[in-house]
Structure formats: C-alpha cells, structure tokens
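As structure tokens, the structure follows; a few thoughts come after it.
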Amino acid sequence: MNYIGSKSKLSKFIKAEIKAVVGETKDKIFCDLFAGTGAIGRAFKLDSKKVIANDIEYYSFVLNRNYIGNHERLDWHEHIDELNKLDGVDGFIYKHYCAGSESGRQYFSDENGRRIDAIRQKIEGWKNTKYITDNQYYYLLTILLEHGDAVANTASVYGAFLKQLKRSALKPLWLRPIPFDVNDAEHEVFNADANEVIKEIEGDILYLDPPYNGRQYGANYHLLNTIARYDNFIPSGKTGLRNYVRSLWCQKNSIEDSFDSLIKSANFKFVFLSYNNEGLMPPETIKQIMSKYGRYEVRETEYQRFKADTNENRNHKAIGTTEFLHVLEKAL
Ligand SMILES: C[S@@+](CC[C@H](N)C(=O)[O-])C[C@H]1O[C@@H](n2cnc3c(N)ncnc32)[C@H](O)[C@@H]1O
C-alpha cells in the first residue's frame, strides 16, 4: 500500500540501527506504537520474542491484526476463490462512492465498487455465522483493503478522487493471497491512542513513528476505514468523508506535550523515534525532551521520498529528505 510515512523502504536501515544499539533482539519484546501498514513490526516479527503493534486507525488495526497478530497457517484458498466469483451488489460503497449511482463521487469504477460491496458483505456474513475464524476474518479483510486500494481512483490518498477513471482503477478488482510470517510467538495488537496504550504495556524496544505534519490519517484514508468498518453513516461533502479522529500528533500546539508524556510513561529500556527534517517538532526539541529521560543520541540517513502529484498520471516527484532515528536509552 502506498501510505504516507510508510517505512517499508527504510525498514533495513531502521532494523540495522536498532540492532546496532540493542544487540540481539530475539529475546526482546518489540513495540511498534504507530504501526500504520505494520512495516517495522513485520521486520521484527521473526526476530523478537513478541511484537506489540498499535494504531489509532481501524484499517491499520485490521492490517496489523493480520500481518502481526496472525502467526499460524490459515486456510484461505477456497474462501478467496469464492469471493472472486461473487457478482457485484449495490451496497454502501457503490451507492456513495461510485459515479453510476449518481453519488457525484468516483473513488472506484462502478464494477469495482459493487464487487467491494459483495465481497465485504460476504466476509461479514461468514464471520457472523462462524463459518470463518477471527484470524481468517482479518486475513480476508486485509486482502480486500490491499487490493481495493490498488484499484482506487485517486492520485494517492482519499482526500480527493479523480474526474476520469485512471488506468489502474479500470482493472477489475481481483483478490490474491498475501503472505504473512508464521512463527510460534503470540503477538498483541491494539487499536487505540498511543498515549493510552503506553500505560498498559511494557517491553524492551519501543519504536515510535508518529505523524510528522498536519495531515490527519483518518481524513486521508477515510475510505479504508469505511470498507473495514462497513457501518452505516451519512457521508459528508464532496468527498463523502466520515467522522474521523483528529490526532494530537498532527497539531503544533499539542505535539510536544503528547511526546513528553509518552516518553515519560514508556516502560521500555530503549526508545527509537523516526522523524524527518520537515516535521512539526524540530530536532532540537526532540533532543531536549528525550534527554530528560536518559542517554540520547541521533542517527540519520538521506532518503528519496516520493511525493504524488495531484494529476491523473500519478506522477511521483523524488524529494530528498533526511530521516532521523532518535535514540533514548531510558534510565528506568
Ligand atoms: C508515519 S505513520 C506510520 C507509518 C508506519 N511506520 C508504516 O511503515 O506504515 C503514522 C501513524 O500514526 C497513526 N496515529 C496518528 N495518531 C495516533 C495516535 N494518537 N495514536 C496511535 N496512532 C496514531 C496514524 O494512523 C498512522 O498510521
């Protein structure tokens, strides 16, 4: 998934730096507190005693509940075949987010919107009748979110849709299996505010990758929450927005307090914070806050980030940014 702030391309750098500081991680509890797509928790799933993942957004919980929470082999072949054979239906997505229903919105082609509805309804029906387990439920939802996102008619996020259906949005939605790592360890996945979850957990390595700027994830990925929740609400405005969480980490006036109180409450020996040079908190402020709680250092790497243009060709401009990994060895 093309996700704002995704660390999938930086995961090698981050993992190597974490290991350089803490040494062997196989016997340690690793927490990814702002997990997003789960890229960093996934990098430690086979290389830690346990992963704890959390994100305030429900779609992210679904992804992490699958990629991190699922650790035993699952039966999915027949389910995916059956979902791919379904005829589309006029459900919530078609009614509010496709052009054919005269919703005035075009986030998906009519065919794909109707297929998302049919698949989503079937998955829920299977869950309600206990035809599938919770593990299978989150696996199938993840596959729908990932492949649904791939045929979305947007430039990159769901803050706007394109006027014309672009080429990838015209491709028929087709579900395919997506692997996750299998291991013996049980992991834990939360869907709550980081500042609340931190009071409930403890471990060895805490990895923090909060939002850097004012772009709220709940607004930019509202359709992923709508597909994941598949609840009934009145979509608002031109983009069909749902009510969304306004994270304090996206607001200049609250971020420093949120950060300080999180670090203070953290019951982890090592804390790592990813933050780039364009963020709301300047590096000096981060240093000053982290240094209050133990030994601080910072590591950095140059990184070519891709920023989507808003035009229909989904051109991506490469932008050079410095990605900082702030490190705290906490005096517990
Ligand atoms: C930079 S992204 C994380 C990206 C992730 N590391 C990845 O590779 O996909 C920041 C994440 O923080 C989440 N978030 C924002 N405010 C939060 C809060 N108060 N508590 C927990 N998660 C929050 C967002 O939903 C978003 O997924």
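Ligands are numbered from 1 in the order shown, residues from 1 within each chain, and chains are lettered A, B, ... in the order they appear in the structure tokens.
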
Those of range 8-179 of chain A in DSSP helix (DSSP H, G or I), formatted as a ChimeraX atom specification: /A:8-22,39-44,58-69,77-85,92-97,110-128,134-150,167-170

Exercise answer, 9 Å around ligand 1 with only C-alpha atoms and all ligand atoms, as a ChimeraX atom specification: /A:1-11,32-41,54-60,191-197,207-212,216-218,221,245-250,258,274-275

Can I get the selection written as a PDB file, in the first residue's frame, with C-alpha atoms?
ATOM      1  CA  MET A   1       0.000   0.000   0.000  1.00  0.00           C
ATOM      2  CA  ASN A   2       1.246   3.479  -0.894  1.00  0.00           C
ATOM      3  CA  TYR A   3       0.990   5.003   2.603  1.00  0.00           C
ATOM      4  CA  ILE A   4       2.045   8.440   3.864  1.00  0.00           C
ATOM      5  CA  GLY A   5       5.148   7.977   6.013  1.00  0.00           C
ATOM      6  CA  SER A   6       5.454   4.249   5.247  1.00  0.00           C
ATOM      7  CA  LYS A   7       8.779   2.864   6.417  1.00  0.00           C
ATOM      8  CA  SER A   8       8.833  -0.154   4.120  1.00  0.00           C
ATOM      9  CA  LYS A   9      11.763   1.308   2.132  1.00  0.00           C
ATOM     10  CA  LEU A  10      13.576   2.361   5.307  1.00  0.00           C
ATOM     11  CA  SER A  11      12.998  -0.823   7.269  1.00  0.00           C
ATOM     12  CA  ASP A  32       5.507  -0.569  17.045  1.00  0.00           C
ATOM     13  CA  LEU A  33       3.200   2.020  18.634  1.00  0.00           C
ATOM     14  CA  PHE A  34       2.182   3.978  15.490  1.00  0.00           C
ATOM     15  CA  ALA A  35       2.181   0.931  13.245  1.00  0.00           C
ATOM     16  CA  GLY A  36       0.431   2.148  10.037  1.00  0.00           C
ATOM     17  CA  THR A  37       0.968  -0.611   7.466  1.00  0.00           C
ATOM     18  CA  GLY A  38       2.976  -2.619  10.005  1.00  0.00           C
ATOM     19  CA  ALA A  39       6.233  -2.428   8.019  1.00  0.00           C
ATOM     20  CA  ILE A  40       8.505  -2.190  11.067  1.00  0.00           C
ATOM     21  CA  GLY A  41       6.661  -4.623  13.329  1.00  0.00           C
ATOM     22  CA  ASN A  54      -0.914  -0.379  17.754  1.00  0.00           C
ATOM     23  CA  ASP A  55      -2.534   2.300  15.613  1.00  0.00           C
ATOM     24  CA  ILE A  56      -5.455   4.632  16.237  1.00  0.00           C
ATOM     25  CA  GLU A  57      -6.951   3.976  12.773  1.00  0.00           C
ATOM     26  CA  TYR A  58      -9.174   0.917  12.378  1.00  0.00           C
ATOM     27  CA  TYR A  59      -7.952  -0.028   8.869  1.00  0.00           C
ATOM     28  CA  SER A  60      -4.425  -0.092  10.285  1.00  0.00           C
ATOM     29  CA  ASN A 191      -6.447  -0.048  18.183  1.00  0.00           C
ATOM     30  CA  ALA A 192      -6.196   2.953  20.499  1.00  0.00           C
ATOM     31  CA  ASP A 193      -4.451   6.228  21.232  1.00  0.00           C
ATOM     32  CA  ALA A 194      -0.712   5.692  21.707  1.00  0.00           C
ATOM     33  CA  ASN A 195      -0.702   7.780  24.885  1.00  0.00           C
ATOM     34  CA  GLU A 196      -3.286   5.428  26.426  1.00  0.00           C
ATOM     35  CA  VAL A 197      -1.795   2.134  25.196  1.00  0.00           C
ATOM     36  CA  TYR A 207       9.620   2.137  18.142  1.00  0.00           C
ATOM     37  CA  LEU A 208       7.747   5.393  17.509  1.00  0.00           C
ATOM     38  CA  ASP A 209       6.765   6.630  14.059  1.00  0.00           C
ATOM     39  CA  PRO A 210       4.089   9.267  14.695  1.00  0.00           C
ATOM     40  CA  PRO A 211       2.699  11.600  12.014  1.00  0.00           C
ATOM     41  CA  TYR A 212       5.142  14.403  11.116  1.00  0.00           C
ATOM     42  CA  GLN A 216      -4.701  13.604   9.540  1.00  0.00           C
ATOM     43  CA  TYR A 217      -4.641   9.921   8.566  1.00  0.00           C
ATOM     44  CA  GLY A 218      -8.352   9.472   9.326  1.00  0.00           C
ATOM     45  CA  TYR A 221      -7.644   7.230   4.371  1.00  0.00           C
ATOM     46  CA  VAL A 245     -10.108  11.081  14.788  1.00  0.00           C
ATOM     47  CA  ARG A 246      -8.047  14.257  14.984  1.00  0.00           C
ATOM     48  CA  SER A 247      -4.690  13.123  16.301  1.00  0.00           C
ATOM     49  CA  LEU A 248      -2.883  15.437  18.716  1.00  0.00           C
ATOM     50  CA  TRP A 249       0.323  14.364  16.983  1.00  0.00           C
ATOM     51  CA  CYS A 250      -0.754  16.335  13.892  1.00  0.00           C
ATOM     52  CA  SER A 258       1.980  14.382  23.832  1.00  0.00           C
ATOM     53  CA  SER A 274      11.645   8.112  13.393  1.00  0.00           C
ATOM     54  CA  TYR A 275      11.149  11.715  12.369  1.00  0.00           C
TER      55      TYR A 275
END

Surrounding residues of range 235-241 of chain A excluding itself and chain neighbours under 4 positions, 8 Å, only C-alpha atoms, as a PyMOL selection string: chain A and resi 96-97+104-105+159-161+219+222-223

Distance query Val182 in chain A at most 9 Å, only C-alpha atoms, self and fewer than 2 positions along chain excluded, as a VMD selection string: chain A and resid 45 to 46 70 to 73 180 184 to 185

Could the residues in this selection be written to a file with all heavy atoms, as a PDB file, in the first residue's frame?
ATOM      1  N   LYS A  45       9.051  -9.396  13.427  1.00  0.00           N
ATOM      2  CA  LYS A  45       8.158 -10.490  13.851  1.00  0.00           C
ATOM      3  C   LYS A  45       8.912 -11.799  14.081  1.00  0.00           C
ATOM      4  O   LYS A  45       8.633 -12.528  15.033  1.00  0.00           O
ATOM      5  CB  LYS A  45       7.050 -10.671  12.810  1.00  0.00           C
ATOM      6  CG  LYS A  45       5.963 -11.628  13.236  1.00  0.00           C
ATOM      7  CD  LYS A  45       4.804 -11.623  12.251  1.00  0.00           C
ATOM      8  CE  LYS A  45       3.768 -12.671  12.589  1.00  0.00           C
ATOM      9  NZ  LYS A  45       2.757 -12.822  11.534  1.00  0.00           N
ATOM     10  N   LEU A  46       9.860 -12.107  13.215  1.00  0.00           N
ATOM     11  CA  LEU A  46      10.607 -13.366  13.364  1.00  0.00           C
ATOM     12  C   LEU A  46      11.891 -13.156  14.165  1.00  0.00           C
ATOM     13  O   LEU A  46      12.684 -14.071  14.309  1.00  0.00           O
ATOM     14  CB  LEU A  46      10.957 -13.933  11.981  1.00  0.00           C
ATOM     15  CG  LEU A  46       9.783 -14.293  11.076  1.00  0.00           C
ATOM     16  CD1 LEU A  46      10.282 -14.872   9.757  1.00  0.00           C
ATOM     17  CD2 LEU A  46       8.846 -15.281  11.770  1.00  0.00           C
ATOM     18  N   ASN A  70      -1.718 -12.552  13.206  1.00  0.00           N
ATOM     19  CA  ASN A  70      -1.814 -13.903  12.637  1.00  0.00           C
ATOM     20  C   ASN A  70      -0.423 -14.514  12.578  1.00  0.00           C
ATOM     21  O   ASN A  70       0.465 -13.968  11.908  1.00  0.00           O
ATOM     22  CB  ASN A  70      -2.417 -13.850  11.221  1.00  0.00           C
ATOM     23  CG  ASN A  70      -3.927 -13.892  11.252  1.00  0.00           C
ATOM     24  OD1 ASN A  70      -4.524 -14.346  12.226  1.00  0.00           O
ATOM     25  ND2 ASN A  70      -4.557 -13.422  10.187  1.00  0.00           N
ATOM     26  N   HIS A  71      -0.238 -15.635  13.246  1.00  0.00           N
ATOM     27  CA  HIS A  71       1.096 -16.240  13.223  1.00  0.00           C
ATOM     28  C   HIS A  71       1.036 -17.744  12.968  1.00  0.00           C
ATOM     29  O   HIS A  71       2.054 -18.417  12.960  1.00  0.00           O
ATOM     30  CB  HIS A  71       1.850 -15.929  14.526  1.00  0.00           C
ATOM     31  CG  HIS A  71       1.244 -16.558  15.733  1.00  0.00           C
ATOM     32  ND1 HIS A  71       1.763 -17.689  16.301  1.00  0.00           N
ATOM     33  CD2 HIS A  71       0.148 -16.240  16.442  1.00  0.00           C
ATOM     34  CE1 HIS A  71       1.007 -18.025  17.327  1.00  0.00           C
ATOM     35  NE2 HIS A  71       0.011 -17.173  17.431  1.00  0.00           N
ATOM     36  N   GLU A  72      -0.197 -18.267  12.788  1.00  0.00           N
ATOM     37  CA  GLU A  72      -0.314 -19.687  12.441  1.00  0.00           C
ATOM     38  C   GLU A  72      -0.869 -19.798  11.028  1.00  0.00           C
ATOM     39  O   GLU A  72      -1.615 -18.910  10.590  1.00  0.00           O
ATOM     40  CB  GLU A  72      -1.268 -20.375  13.424  1.00  0.00           C
ATOM     41  CG  GLU A  72      -0.653 -20.484  14.809  1.00  0.00           C
ATOM     42  CD  GLU A  72      -1.671 -20.891  15.870  1.00  0.00           C
ATOM     43  OE1 GLU A  72      -2.857 -20.548  15.742  1.00  0.00           O
ATOM     44  OE2 GLU A  72      -1.253 -21.540  16.829  1.00  0.00           O
ATOM     45  N   ARG A  73      -0.521 -20.896  10.352  1.00  0.00           N
ATOM     46  CA  ARG A  73      -1.014 -21.060   8.972  1.00  0.00           C
ATOM     47  C   ARG A  73      -2.531 -21.026   8.926  1.00  0.00           C
ATOM     48  O   ARG A  73      -3.195 -21.528   9.819  1.00  0.00           O
ATOM     49  CB  ARG A  73      -0.536 -22.404   8.411  1.00  0.00           C
ATOM     50  CG  ARG A  73       0.887 -22.341   7.989  1.00  0.00           C
ATOM     51  CD  ARG A  73       1.406 -23.617   7.350  1.00  0.00           C
ATOM     52  NE  ARG A  73       2.834 -23.665   7.579  1.00  0.00           N
ATOM     53  CZ  ARG A  73       3.706 -22.852   6.995  1.00  0.00           C
ATOM     54  NH1 ARG A  73       3.297 -21.942   6.129  1.00  0.00           N
ATOM     55  NH2 ARG A  73       4.993 -22.932   7.268  1.00  0.00           N
ATOM     56  N   PHE A 180       1.939 -13.793   5.151  1.00  0.00           N
ATOM     57  CA  PHE A 180       2.401 -13.189   6.415  1.00  0.00           C
ATOM     58  C   PHE A 180       3.320 -14.200   7.065  1.00  0.00           C
ATOM     59  O   PHE A 180       3.270 -15.401   6.747  1.00  0.00           O
ATOM     60  CB  PHE A 180       1.207 -12.823   7.325  1.00  0.00           C
ATOM     61  CG  PHE A 180       0.355 -13.996   7.727  1.00  0.00           C
ATOM     62  CD1 PHE A 180       0.708 -14.825   8.788  1.00  0.00           C
ATOM     63  CD2 PHE A 180      -0.806 -14.285   7.009  1.00  0.00           C
ATOM     64  CE1 PHE A 180      -0.074 -15.920   9.134  1.00  0.00           C
ATOM     65  CE2 PHE A 180      -1.597 -15.381   7.358  1.00  0.00           C
ATOM     66  CZ  PHE A 180      -1.225 -16.205   8.414  1.00  0.00           C
ATOM     67  N   ASP A 184       6.012 -19.182  16.243  1.00  0.00           N
ATOM     68  CA  ASP A 184       5.369 -19.753  17.430  1.00  0.00           C
ATOM     69  C   ASP A 184       4.858 -18.689  18.398  1.00  0.00           C
ATOM     70  O   ASP A 184       3.965 -18.950  19.191  1.00  0.00           O
ATOM     71  CB  ASP A 184       6.369 -20.644  18.193  1.00  0.00           C
ATOM     72  CG  ASP A 184       6.614 -21.925  17.427  1.00  0.00           C
ATOM     73  OD1 ASP A 184       5.747 -22.287  16.606  1.00  0.00           O
ATOM     74  OD2 ASP A 184       7.678 -22.535  17.622  1.00  0.00           O
ATOM     75  N   ALA A 185       5.454 -17.516  18.339  1.00  0.00           N
ATOM     76  CA  ALA A 185       5.137 -16.495  19.355  1.00  0.00           C
ATOM     77  C   ALA A 185       3.743 -15.914  19.164  1.00  0.00           C
ATOM     78  O   ALA A 185       3.245 -15.803  18.049  1.00  0.00           O
ATOM     79  CB  ALA A 185       6.172 -15.383  19.276  1.00  0.00           C
TER      80      ALA A 185
END

DSSP-assigned strand (DSSP E or B) among range 24-236 of chain A, expressed as a PyMOL selection string: chain A and resi 29-32+50-54+98+108+188-190+203-208+236

Test item: residues at most 9 Å from Asp47 in chain A, only C-alpha atoms, excluding those fewer than 6 positions along its chain, as an MDAnalysis selection string: chainID A and resid 24:28

Do a neighbour search on range 168-170 of chain A at 10 Å with only C-alpha atoms, toss out local chain neighbours closer than 5 positions, and write the hits as a tab-separated table (two decimals) with N, CA, C and O atoms, in the first residue's frame.
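Final file, out-v2.tsv:
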chain	number	residue	atom	x	y	z
A	107	TYR	N	-14.70	7.22	-6.54
A	107	TYR	CA	-13.50	6.64	-5.91
A	107	TYR	C	-13.18	5.26	-6.50
A	107	TYR	O	-12.06	4.79	-6.37
A	108	PHE	N	-14.20	4.62	-7.06
A	108	PHE	CA	-13.99	3.31	-7.67
A	108	PHE	C	-14.81	3.26	-8.95
A	108	PHE	O	-15.82	3.96	-9.08
A	109	SER	N	-14.41	2.40	-9.89
A	109	SER	CA	-15.28	2.14	-11.05
A	109	SER	C	-16.57	1.52	-10.50
A	109	SER	O	-16.57	0.94	-9.40
A	110	ASP	N	-17.65	1.60	-11.26
A	110	ASP	CA	-18.92	1.02	-10.79
A	110	ASP	C	-18.75	-0.47	-10.51
A	110	ASP	O	-19.21	-0.99	-9.49
A	111	GLU	N	-18.06	-1.13	-11.43
A	111	GLU	CA	-17.90	-2.59	-11.28
A	111	GLU	C	-17.13	-2.91	-9.99
A	111	GLU	O	-17.54	-3.78	-9.21
A	112	ASN	N	-16.03	-2.19	-9.78
A	112	ASN	CA	-15.23	-2.49	-8.58
A	112	ASN	C	-15.95	-2.10	-7.29
A	112	ASN	O	-15.85	-2.81	-6.28
A	148	GLY	N	-8.32	-3.55	-2.85
A	148	GLY	CA	-9.26	-2.44	-3.10
A	148	GLY	C	-8.48	-1.14	-3.28
A	148	GLY	O	-8.74	-0.37	-4.20
A	149	ASP	N	-7.50	-0.92	-2.42
A	149	ASP	CA	-6.68	0.29	-2.51
A	149	ASP	C	-5.96	0.36	-3.86
A	149	ASP	O	-5.79	1.44	-4.43
A	150	ALA	N	-5.56	-0.78	-4.37
A	150	ALA	CA	-4.82	-0.81	-5.65
A	150	ALA	C	-5.69	-0.38	-6.84
A	150	ALA	O	-5.17	0.03	-7.87
A	151	VAL	N	-7.02	-0.48	-6.71
A	151	VAL	CA	-7.90	-0.06	-7.83
A	151	VAL	C	-8.66	1.23	-7.50
A	151	VAL	O	-9.62	1.58	-8.19
A	152	ALA	N	-8.22	1.95	-6.47
A	152	ALA	CA	-8.89	3.21	-6.10
A	152	ALA	C	-8.56	4.28	-7.13
A	152	ALA	O	-7.43	4.36	-7.62
A	153	ASN	N	-9.53	5.12	-7.41
A	153	ASN	CA	-9.36	6.16	-8.44
A	153	ASN	C	-8.92	7.48	-7.78
A	153	ASN	O	-9.65	8.47	-7.79
A	154	THR	N	-7.74	7.45	-7.19
A	154	THR	CA	-7.20	8.63	-6.51
A	154	THR	C	-5.78	8.87	-7.01
A	154	THR	O	-5.15	7.97	-7.56

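The nearest approach to Glu200 in chain A among the residues A:His77, A:Tyr293, A:Tyr139, A:Asn267, with only C-alpha atoms taken into account, belongs to A:Asn267.
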
Residue contacts of Trp76 in chain A (9 Å, only C-alpha atoms) excluding same-chain residues fewer than 6 positions away, as a list in words: Gln136, Tyr139, Leu140 and Pro177 of chain A

Nearest to Gln164 in chain A, chosen from A:Ile201, A:Ser265, A:Leu328, A:Cys98, with only C-alpha atoms counted in the distances: A:Cys98

Pick from A:Arg295, A:Lys130, A:Arg42, A:Arg115 nearest to Lys85 in chain A, counting only C-alpha atoms: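 Distance minimum relative to Lys85 in chain A lands on A:Arg115.
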
From A:Glu278, A:Glu146, A:Ile198, A:Ser291, residue lying nearest Leu224 in chain A [only C-alpha atoms]: A:Glu146

Of the listed residues A:Lys252, A:Lys269, A:Lys122, A:Lys127, that which approaches Glu329 in chain A most closely, counting only C-alpha atoms: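 The answer is A:Lys269, which sits nearest to Glu329 in chain A.
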
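The interatomic distance for the pair CA of Ile143 in chain A and CA of Leu175 in chain A works out to 6.5 Å.
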
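One distance worth recording is that between CA of Ser103 in chain A and CA of Tyr230 in chain A, which is 17.4 Å.
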
Residue among A:Val189, A:Ala118, A:Val21, A:Leu144 lying closest to His326 in chain A, counting only C-alpha atoms: A:Val21
